[in-house]
>>> print(open('structure38.pdb').read())   # PDB, C-alpha atoms
MODEL        1
ATOM      1  CA  MET A1056     159.310  64.756  62.652
ATOM      2  CA  LYS A1057     161.309  64.842  59.435
ATOM      3  CA  HIS A1058     164.002  62.357  58.515
ATOM      4  CA  HIS A1059     167.590  63.595  58.678
ATOM      5  CA  PHE A1060     169.021  60.686  56.688
ATOM      6  CA  LEU A1061     171.481  61.553  53.932
ATOM      7  CA  HIS A1062     171.880  59.328  50.930
ATOM      8  CA  THR A1063     175.521  58.546  50.144
ATOM      9  CA  VAL A1064     177.425  57.327  47.113
ATOM     10  CA  THR A1065     180.305  54.986  47.833
ATOM     11  CA  ILE A1066     180.707  53.046  44.573
ATOM     12  CA  ILE A1067     184.082  53.985  43.153
ATOM     13  CA  ALA A1068     183.750  51.702  40.146
ATOM     14  CA  SER A1069     181.761  54.396  38.353
ATOM     15  CA  LEU A1070     185.010  56.293  37.861
ATOM     16  CA  VAL A1071     186.139  53.861  35.199
ATOM     17  CA  ALA A1072     183.412  55.070  32.865
ATOM     18  CA  LEU A1073     184.982  58.509  32.786
ATOM     19  CA  ALA A1074     187.974  57.168  30.841
ATOM     20  CA  LEU A1075     190.520  58.961  33.033
ATOM     21  CA  PRO A1076     194.235  58.215  32.920
ATOM     22  CA  ALA A1077     195.203  55.452  35.319
ATOM     23  CA  ALA A1078     197.258  57.784  37.516
ATOM     24  CA  ALA A1079     194.364  60.226  37.859
ATOM     25  CA  GLN A1080     191.956  57.411  38.649
ATOM     26  CA  GLN A1081     194.331  56.031  41.259
ATOM     27  CA  GLY A1082     194.833  59.433  42.951
ATOM     28  CA  THR A1083     191.118  60.177  42.930
ATOM     29  CA  SER A1084     190.278  56.770  44.374
ATOM     30  CA  LYS A1085     192.855  57.181  47.121
ATOM     31  CA  TYR A1086     191.430  60.470  48.387
ATOM     32  CA  LEU A1087     187.851  59.251  48.038
ATOM     33  CA  ARG A1088     188.651  56.250  50.234
ATOM     34  CA  GLU A1089     190.335  58.514  52.768
ATOM     35  CA  GLY A1090     187.352  60.863  52.754
ATOM     36  CA  ASN A1091     184.881  58.010  53.171
ATOM     37  CA  ALA A1092     186.819  56.604  56.134
ATOM     38  CA  GLN A1093     186.994  60.041  57.789
ATOM     39  CA  TYR A1094     183.302  60.622  57.109
ATOM     40  CA  LYS A1095     182.365  57.374  58.855
ATOM     41  CA  LYS A1096     184.384  58.532  61.890
ATOM     42  CA  GLN A1097     182.388  61.815  61.762
ATOM     43  CA  GLN A1098     185.589  63.721  60.984
ATOM     44  CA  TYR A1099     183.675  65.899  58.563
ATOM     45  CA  ALA A1100     186.213  68.695  58.130
ATOM     46  CA  ASP A1101     188.970  66.163  57.329
ATOM     47  CA  ALA A1102     186.624  64.341  54.955
ATOM     48  CA  GLU A1103     185.885  67.650  53.237
ATOM     49  CA  ALA A1104     189.613  68.191  52.633
ATOM     50  CA  SER A1105     190.067  64.668  51.219
ATOM     51  CA  TYR A1106     187.082  64.977  48.873
ATOM     52  CA  LYS A1107     188.374  68.309  47.598
ATOM     53  CA  LYS A1108     191.751  66.677  46.809
ATOM     54  CA  ALA A1109     189.899  63.980  44.886
ATOM     55  CA  LEU A1110     187.992  66.625  42.926
ATOM     56  CA  GLU A1111     191.250  68.425  42.062
ATOM     57  CA  ARG A1112     192.156  65.285  40.108
ATOM     58  CA  ASN A1113     188.656  64.704  38.711
ATOM     59  CA  ALA A1114     186.181  67.569  39.005
ATOM     60  CA  ARG A1115     183.435  65.416  37.445
ATOM     61  CA  SER A1116     183.577  62.699  40.091
ATOM     62  CA  VAL A1117     179.998  61.938  41.099
ATOM     63  CA  GLU A1118     181.105  60.403  44.379
ATOM     64  CA  GLY A1119     183.530  63.226  45.106
ATOM     65  CA  ASN A1120     180.923  65.963  44.588
ATOM     66  CA  PHE A1121     178.163  64.028  46.292
ATOM     67  CA  ASN A1122     180.082  63.041  49.429
ATOM     68  CA  LEU A1123     181.736  66.459  49.658
ATOM     69  CA  GLY A1124     178.186  67.756  49.779
ATOM     70  CA  ASN A1125     177.451  65.344  52.632
ATOM     71  CA  SER A1126     180.480  66.474  54.646
ATOM     72  CA  LEU A1127     179.408  70.113  54.196
ATOM     73  CA  TYR A1128     175.837  69.240  55.159
ATOM     74  CA  GLU A1129     177.022  67.670  58.421
ATOM     75  CA  GLN A1130     178.842  70.941  59.145
ATOM     76  CA  LYS A1131     175.508  72.763  58.612
ATOM     77  CA  ARG A1132     176.824  74.542  55.514
ATOM     78  CA  TYR A1133     173.649  73.814  53.605
ATOM     79  CA  GLU A1134     174.023  76.181  50.664
ATOM     80  CA  ALA A1135     177.553  74.944  49.894
ATOM     81  CA  ALA A1136     176.353  71.337  50.214
ATOM     82  CA  ARG A1137     173.509  72.035  47.808
ATOM     83  CA  GLN A1138     175.974  73.281  45.196
ATOM     84  CA  GLN A1139     177.989  70.049  45.421
ATOM     85  CA  TYR A1140     174.871  67.928  44.958
ATOM     86  CA  ALA A1141     174.018  70.035  41.908
ATOM     87  CA  ASN A1142     177.548  69.393  40.555
ATOM     88  CA  ALA A1143     177.011  65.665  41.012
ATOM     89  CA  LEU A1144     173.853  65.894  38.890
ATOM     90  CA  LYS A1145     175.808  67.446  36.017
ATOM     91  CA  THR A1146     177.623  64.173  35.352
ATOM     92  CA  PRO A1147     175.539  61.456  33.715
ATOM     93  CA  SER A1148     175.230  58.532  36.106
ATOM     94  CA  ARG A1149     172.794  55.983  37.410
ATOM     95  CA  LYS A1150     169.212  57.009  38.159
ATOM     96  CA  GLU A1151     169.789  56.090  41.785
ATOM     97  CA  ASN A1152     172.517  58.720  42.045
ATOM     98  CA  ALA A1153     170.194  61.377  40.601
ATOM     99  CA  ALA A1154     167.484  60.358  43.061
ATOM    100  CA  ASP A1155     169.910  60.519  45.970
ATOM    101  CA  ALA A1156     171.280  63.922  44.950
ATOM    102  CA  ASN A1157     167.802  65.439  44.615
ATOM    103  CA  TYR A1158     166.773  63.896  47.934
ATOM    104  CA  ASN A1159     169.738  65.509  49.685
ATOM    105  CA  ILE A1160     169.066  68.813  47.923
ATOM    106  CA  GLY A1161     165.574  68.597  49.368
ATOM    107  CA  ASN A1162     167.101  68.103  52.819
ATOM    108  CA  THR A1163     169.226  71.249  52.500
ATOM    109  CA  PHE A1164     166.154  73.276  51.574
ATOM    110  CA  MET A1165     164.222  71.725  54.461
ATOM    111  CA  GLU A1166     166.948  72.755  56.925
ATOM    112  CA  ASP A1167     166.567  76.330  55.664
ATOM    113  CA  LYS A1168     162.762  76.038  55.945
ATOM    114  CA  LYS A1169     162.387  76.626  52.210
ATOM    115  CA  TRP A1170     159.430  74.311  51.879
ATOM    116  CA  GLU A1171     158.483  74.947  48.253
ATOM    117  CA  GLU A1172     162.028  74.271  47.040
ATOM    118  CA  SER A1173     162.332  71.140  49.156
ATOM    119  CA  ILE A1174     159.007  69.864  47.787
ATOM    120  CA  ALA A1175     160.251  70.310  44.210
ATOM    121  CA  ALA A1176     163.495  68.447  45.006
ATOM    122  CA  TYR A1177     161.721  65.510  46.699
ATOM    123  CA  LYS A1178     159.398  65.181  43.713
ATOM    124  CA  LYS A1179     162.428  64.907  41.413
ATOM    125  CA  ALA A1180     163.904  62.270  43.714
ATOM    126  CA  LEU A1181     160.684  60.246  43.610
ATOM    127  CA  LYS A1182     160.493  60.575  39.843
ATOM    128  CA  ALA A1183     163.948  59.015  39.580
ATOM    129  CA  ASN A1184     163.223  56.436  42.292
ATOM    130  CA  PRO A1185     159.507  55.974  43.109
ATOM    131  CA  ALA A1186     160.392  53.372  45.756
ATOM    132  CA  ASP A1187     162.233  55.891  47.977
ATOM    133  CA  GLU A1188     160.057  55.941  51.111
ATOM    134  CA  GLN A1189     162.280  58.479  52.865
ATOM    135  CA  ALA A1190     161.741  60.942  50.028
ATOM    136  CA  ARG A1191     158.005  60.254  50.128
ATOM    137  CA  TYR A1192     157.878  60.902  53.891
ATOM    138  CA  ASN A1193     159.894  64.116  53.666
ATOM    139  CA  LEU A1194     157.743  65.300  50.753
ATOM    140  CA  ALA A1195     154.597  64.892  52.863
ATOM    141  CA  TYR A1196     156.286  66.631  55.805
ATOM    142  CA  ALA A1197     157.410  69.582  53.664
ATOM    143  CA  GLN A1198     153.928  69.913  52.159
ATOM    144  CA  GLU A1199     152.369  70.005  55.633
ATOM    145  CA  MET A1200     154.865  72.623  56.825
ATOM    146  CA  LEU A1201     154.200  74.758  53.736
ATOM    147  CA  LYS A1202     150.463  74.592  54.446
ATOM    148  CA  LYS A1203     150.988  75.716  58.052
ATOM    149  CA  GLN A1204     153.297  78.517  56.905
ATOM    150  CA  GLN A1205     150.689  79.786  54.455
ATOM    151  CA  GLN A1206     147.978  79.653  57.119
ATOM    152  CA  GLN A1207     150.152  81.541  59.577
ATOM    153  CA  SER A1208     151.027  84.072  56.903
ATOM    154  CA  GLY A1209     147.326  84.581  56.223
ATOM    155  CA  ASP A1210     146.573  84.919  59.938
ATOM    156  CA  GLY A1211     149.436  87.327  60.309
ATOM    157  CA  LYS A1212     148.050  89.445  57.471
ATOM    158  CA  ASP A1213     144.587  89.435  59.052
ATOM    159  CA  ASN A1214     146.071  90.346  62.427
ATOM    160  CA  LYS A1215     148.041  93.180  60.867
ATOM    161  CA  GLU A1216     144.937  94.525  59.154
ATOM    162  CA  GLN A1217     143.002  94.330  62.429
ATOM    163  CA  LYS A1218     145.832  96.068  64.300
ATOM    164  CA  ASP A1219     145.895  98.794  61.661
ATOM    165  CA  LYS A1220     142.121  99.227  62.029
ATOM    166  CA  ASP A1221     142.399  99.357  65.820
ATOM    167  CA  LYS A1222     145.223 101.863  65.555
ATOM    168  CA  GLN A1223     143.199 104.048  63.193
ATOM    169  CA  LYS A1224     140.180 103.825  65.509
ATOM    170  CA  ASP A1225     142.283 104.813  68.528
ATOM    171  CA  LYS A1226     143.633 107.760  66.570
ATOM    172  CA  GLN A1227     140.120 108.851  65.581
ATOM    173  CA  ASP A1228     138.878 108.450  69.164
ATOM    174  CA  GLN A1229     141.736 110.589  70.441
ATOM    175  CA  GLN A1230     140.997 113.271  67.853
ATOM    176  CA  ASN A1231     137.323 113.259  68.847
ATOM    177  CA  LYS A1232     138.293 113.524  72.521
ATOM    178  CA  ASP A1233     140.607 116.452  71.802
ATOM    179  CA  LYS A1234     137.822 118.208  69.886
ATOM    180  CA  GLN A1235     135.371 117.629  72.738
ATOM    181  CA  ASP A1236     137.891 118.929  75.284
ATOM    182  CA  GLN A1237     138.399 122.051  73.190
ATOM    183  CA  LYS A1238     134.626 122.529  72.926
ATOM    184  CA  ASP A1239     134.191 122.110  76.695
ATOM    185  CA  GLN A1240     136.943 124.634  77.366
ATOM    186  CA  LYS A1241     135.348 127.094  74.956
ATOM    187  CA  ASP A1242     131.921 126.622  76.585
ATOM    188  CA  GLN A1243     133.412 127.218  80.026
ATOM    189  CA  GLN A1244     135.163 130.353  78.819
ATOM    190  CA  ASP A1245     131.964 131.605  77.178
ATOM    191  CA  GLN A1246     130.012 131.040  80.402
ATOM    192  CA  LYS A1247     132.672 132.896  82.386
ATOM    193  CA  ASP A1248     132.622 135.797  79.941
ATOM    194  CA  GLN A1249     128.819 135.952  80.109
ATOM    195  CA  GLN A1250     128.902 135.970  83.932
ATOM    196  CA  ASP A1251     131.541 138.709  83.955
ATOM    197  CA  GLN A1252     129.417 140.788  81.599
ATOM    198  CA  LYS A1253     126.341 140.225  83.782
ATOM    199  CA  ASP A1254     128.222 141.243  86.944
ATOM    200  CA  GLN A1255     129.544 144.363  85.245
ATOM    201  CA  LYS A1256     126.071 145.275  84.051
ATOM    202  CA  GLU A1257     124.580 144.856  87.525
ATOM    203  CA  GLN A1258     127.376 146.925  89.008
ATOM    204  CA  ASN A1259     126.692 149.705  86.527
ATOM    205  CA  GLN A1260     122.978 149.616  87.415
ATOM    206  CA  GLN A1261     123.448 150.240  91.241
ATOM    207  CA  PRO A1262     121.658 153.510  92.440
ATOM    208  CA  LYS A1263     123.871 156.549  92.806
ATOM    209  CA  PRO A1264     123.436 159.078  95.695
ATOM    210  CA  LYS A1265     120.947 161.771  94.731
ATOM    211  CA  PRO A1266     122.069 165.395  94.872
ATOM    212  CA  SER A1267     120.587 167.580  97.649
ATOM    213  CA  LYS A1268     117.444 169.518  96.689
ATOM    214  CA  LEU A1269     117.718 172.135  99.607
ATOM    215  CA  THR A1270     117.454 175.750  98.642
ATOM    216  CA  GLN A1271     120.154 178.172  99.600
ATOM    217  CA  GLU A1272     117.979 179.659 102.373
ATOM    218  CA  GLU A1273     117.170 176.244 103.800
ATOM    219  CA  ALA A1274     120.835 175.281 103.811
ATOM    220  CA  LYS A1275     121.718 178.495 105.663
ATOM    221  CA  ARG A1276     119.118 177.875 108.377
ATOM    222  CA  LEU A1277     120.326 174.285 108.760
ATOM    223  CA  LEU A1278     123.874 175.460 109.286
ATOM    224  CA  GLN A1279     122.785 178.067 111.896
ATOM    225  CA  ALA A1280     120.804 175.412 113.790
ATOM    226  CA  LEU A1281     123.799 173.145 113.815
ATOM    227  CA  ALA A1282     125.996 175.978 115.080
ATOM    228  CA  GLN A1283     123.608 176.814 117.961
ATOM    229  CA  GLN A1284     123.377 173.154 118.885
ATOM    230  CA  GLU A1285     127.148 172.948 119.017
ATOM    231  CA  LYS A1286     127.294 176.119 121.197
ATOM    232  CA  LYS A1287     124.738 174.698 123.625
ATOM    233  CA  LEU A1288     126.737 171.491 123.959
ATOM    234  CA  GLN A1289     129.846 173.502 124.794
ATOM    235  CA  GLU A1290     128.025 175.543 127.466
ATOM    236  CA  ASP A1291     126.613 172.419 129.112
ATOM    237  CA  LYS A1292     130.085 171.026 129.214
ATOM    238  CA  MET A1293     131.409 174.162 130.972
ATOM    239  CA  LYS A1294     128.657 174.019 133.581
ATOM    240  CA  LYS A1295     129.629 170.537 134.526
ATOM    241  CA  THR A1296     133.188 171.676 135.296
ATOM    242  CA  LYS A1297     132.169 174.642 137.579
ATOM    243  CA  GLY A1298     131.717 174.186 141.391
ATOM    244  CA  THR A1299     132.530 175.609 144.904
ATOM    245  CA  PRO A1300     136.208 176.579 145.046
ATOM    246  CA  VAL A1301     138.259 174.458 147.481
ATOM    247  CA  SER A1302     140.313 176.421 150.049
ATOM    248  CA  VAL A1303     143.965 175.668 149.989
ATOM    249  CA  GLU A1304     144.736 177.513 153.206
ATOM    250  CA  LYS A1305     145.221 175.642 156.508
ATOM    251  CA  ASP A1306     142.717 175.951 159.306
ATOM    252  CA  TRP A1307     144.793 177.100 162.243
TER     253      TRP A1307
ENDMDL
END
>>> encode(input="structure38.pdb", output="structure tokens")
Amino acid sequence: MKHHFLHTVTIIASLVALALPAAAQQGTSKYLREGNAQYKKQQYADAEASYKKALERNARSVEGNFNLGNSLYEQKRYEAARQQYANALKTPSRKENAADANYNIGNTFMEDKKWEESIAAYKKALKANPADEQARYNLAYAQEMLKKQQQQSGDGKDNKEQKDKDKQKDKQDQQNKDKQDQKDQKDQQDQKDQQDQKDQKEQNQQPKPKPSKLTQEEAKRLLQALAQQEKKLQEDKMKKTKGTPVSVEKDW
């Protein structure tokens, strides 16, 4: 778990070295004290306003820039806080202040999960103050998180390549299946066409009725025989209907 500690600058005596007019120093000190008191009460937005008033009177105030950065950090405005810490570094001051500013810059990068940038900032903090154990701890933490990120990025790349290969294989398999389906359909159609041709050929090869080979004389005799046979059948039928007449007169 990383440390969330912020280093703060509360020494106002450093303002004297800036050779400001007494009135400007007095106004700056007033708003810095107000901002510090509000910051301790966790009134970060009010502290931000007080520090900005102090910076209007002395834009180079190390404490003003630094603690304005802290009030912005507590409001989770990490990029804006980082800019204020960078402004604090522009003014020559004690090594401890440079170490603290770089440490807090490292914290802003850590909150944004920018591990490489945070590592660089913590190294600068340790260079200015090798005894800073918090910076050493956060440096080790950021290095470990960067290592995990790189491993995950590598795994993600491998997974993407494997997914692409699987996708390509699925596509090829589907194409092969479509080709096989088309081939099967063609084979079925060819078999059907061959069967239809075979059936048509067999139908064409069925024997046709042969024409009669009777001569004209033979045909005439056959017709006469049929006519006599028909006449005989009619006569037999008439005989069956004849009988003794029935008298219709009464027997008196």
>>> axis_aligned_box(input="structure38.pdb", around="range 1104-1110 of chain A", padding_each_side="6 Å", output="AutoDock Vina command-line options")
--center_x 189.4 --center_y 66.1 --center_z 47.8 --size_x 16.7 --size_y 16.3 --size_z 21.7
>>> closest_residue(input="structure38.pdb", among="A:Asp1101, A:Asp1248, A:Glu1199, A:Asp1228", to="Ser1173 in chain A", atoms="only C-alpha atoms")
A:Glu1199
>>> residues_around(input="structure38.pdb", residues="Met1200 in chain A", least_positions_apart="3", cutoff="12 Å", atoms="all atoms listed in the file", output="JSON, numbers by chain")
{"A": [1056, 1057, 1165, 1168, 1169, 1170, 1171, 1173, 1174, 1193, 1194, 1195, 1196, 1197, 1203, 1204, 1205, 1206, 1207]}
>>> atom_distance(input="structure38.pdb", atom1="CA of Thr1083 in chain A", atom2="CA of Arg1112 in chain A")
5.9 Å
>>> closest_residue(input="structure38.pdb", among="A:Leu1201, A:Leu1110, A:Ala1154, A:Ala1092", to="Glu1188 in chain A", atoms="all atoms listed in the file")
A:Ala1154
>>> atom_distance(input="structure38.pdb", atom1="CA of Ala1114 in chain A", atom2="CA of Lys1085 in chain A")
14.8 Å
>>> residues_around(input="structure38.pdb", residues="Glu1172 in chain A", least_positions_apart="6", cutoff="12 Å", atoms="only C-alpha atoms", output="mmCIF file with C-alpha atoms, keeping the file's coordinate frame")
data_model
loop_
_atom_site.group_PDB
_atom_site.id
_atom_site.type_symbol
_atom_site.label_atom_id
_atom_site.label_comp_id
_atom_site.auth_asym_id
_atom_site.auth_seq_id
_atom_site.Cartn_x
_atom_site.Cartn_y
_atom_site.Cartn_z
ATOM 1 C CA ARG A 1137 173.509 72.035 47.808
ATOM 2 C CA ASN A 1157 167.802 65.439 44.615
ATOM 3 C CA TYR A 1158 166.773 63.896 47.934
ATOM 4 C CA ASN A 1159 169.738 65.509 49.685
ATOM 5 C CA ILE A 1160 169.066 68.813 47.923
ATOM 6 C CA GLY A 1161 165.574 68.597 49.368
ATOM 7 C CA ASN A 1162 167.101 68.103 52.819
ATOM 8 C CA THR A 1163 169.226 71.249 52.500
ATOM 9 C CA PHE A 1164 166.154 73.276 51.574
ATOM 10 C CA MET A 1165 164.222 71.725 54.461
ATOM 11 C CA GLU A 1166 166.948 72.755 56.925
ATOM 12 C CA LYS A 1178 159.398 65.181 43.713
ATOM 13 C CA LYS A 1179 162.428 64.907 41.413
ATOM 14 C CA LEU A 1194 157.743 65.300 50.753
ATOM 15 C CA ALA A 1197 157.410 69.582 53.664
ATOM 16 C CA GLN A 1198 153.928 69.913 52.159
ATOM 17 C CA LEU A 1201 154.200 74.758 53.736
#
>>> residues_around(input="structure38.pdb", residues="Lys1145 in chain A", least_positions_apart="6", cutoff="12 Å", atoms="only C-alpha atoms", output="list in words")
Ala1114, Arg1115, Ser1116, Val1117, Asn1120, Phe1121, Gln1138, Gln1139, Asn1152, Ala1153, Ala1156 and Asn1157 of chain A
>>> write_last_selection(input="structure38.pdb", atoms="C-alpha atoms", output="JSON list (two decimals), in the frame of the given file")
[["chain", "number", "residue", "atom", "x", "y", "z"],
["A", 1114, "ALA", "CA", 186.18, 67.57, 39.01],
["A", 1115, "ARG", "CA", 183.44, 65.42, 37.44],
["A", 1116, "SER", "CA", 183.58, 62.70, 40.09],
["A", 1117, "VAL", "CA", 180.00, 61.94, 41.10],
["A", 1120, "ASN", "CA", 180.92, 65.96, 44.59],
["A", 1121, "PHE", "CA", 178.16, 64.03, 46.29],
["A", 1138, "GLN", "CA", 175.97, 73.28, 45.20],
["A", 1139, "GLN", "CA", 177.99, 70.05, 45.42],
["A", 1152, "ASN", "CA", 172.52, 58.72, 42.04],
["A", 1153, "ALA", "CA", 170.19, 61.38, 40.60],
["A", 1156, "ALA", "CA", 171.28, 63.92, 44.95],
["A", 1157, "ASN", "CA", 167.80, 65.44, 44.62]]
>>> resolve_selection(input="structure38.pdb", expression="the PyMOL selection byres ((chain A and resi 1099) around 9)", output="list in words")
Gly1090, Gln1093, Tyr1094, Lys1095, Lys1096, Gln1097, Gln1098, Ala1100, Asp1101, Ala1102, Glu1103, Ala1104, Asn1125, Ser1126, Leu1127, Glu1129 and Gln1130 of chain A
>>> atom_distance(input="structure38.pdb", atom1="CA of Gln1189 in chain A", atom2="CA of Glu1151 in chain A")
13.6 Å
>>> closest_residue(input="structure38.pdb", among="A:Gln1223, A:Ser1084, A:Thr1270, A:Gln1249", to="Lys1108 in chain A", atoms="all atoms listed in the file")
A:Ser1084
>>> residues_around(input="structure38.pdb", residues="Tyr1106 in chain A", least_positions_apart="6", cutoff="7 Å", atoms="only C-alpha atoms", output="MDAnalysis selection string")
chainID A and resid 1086:1087 1090 1119 1123
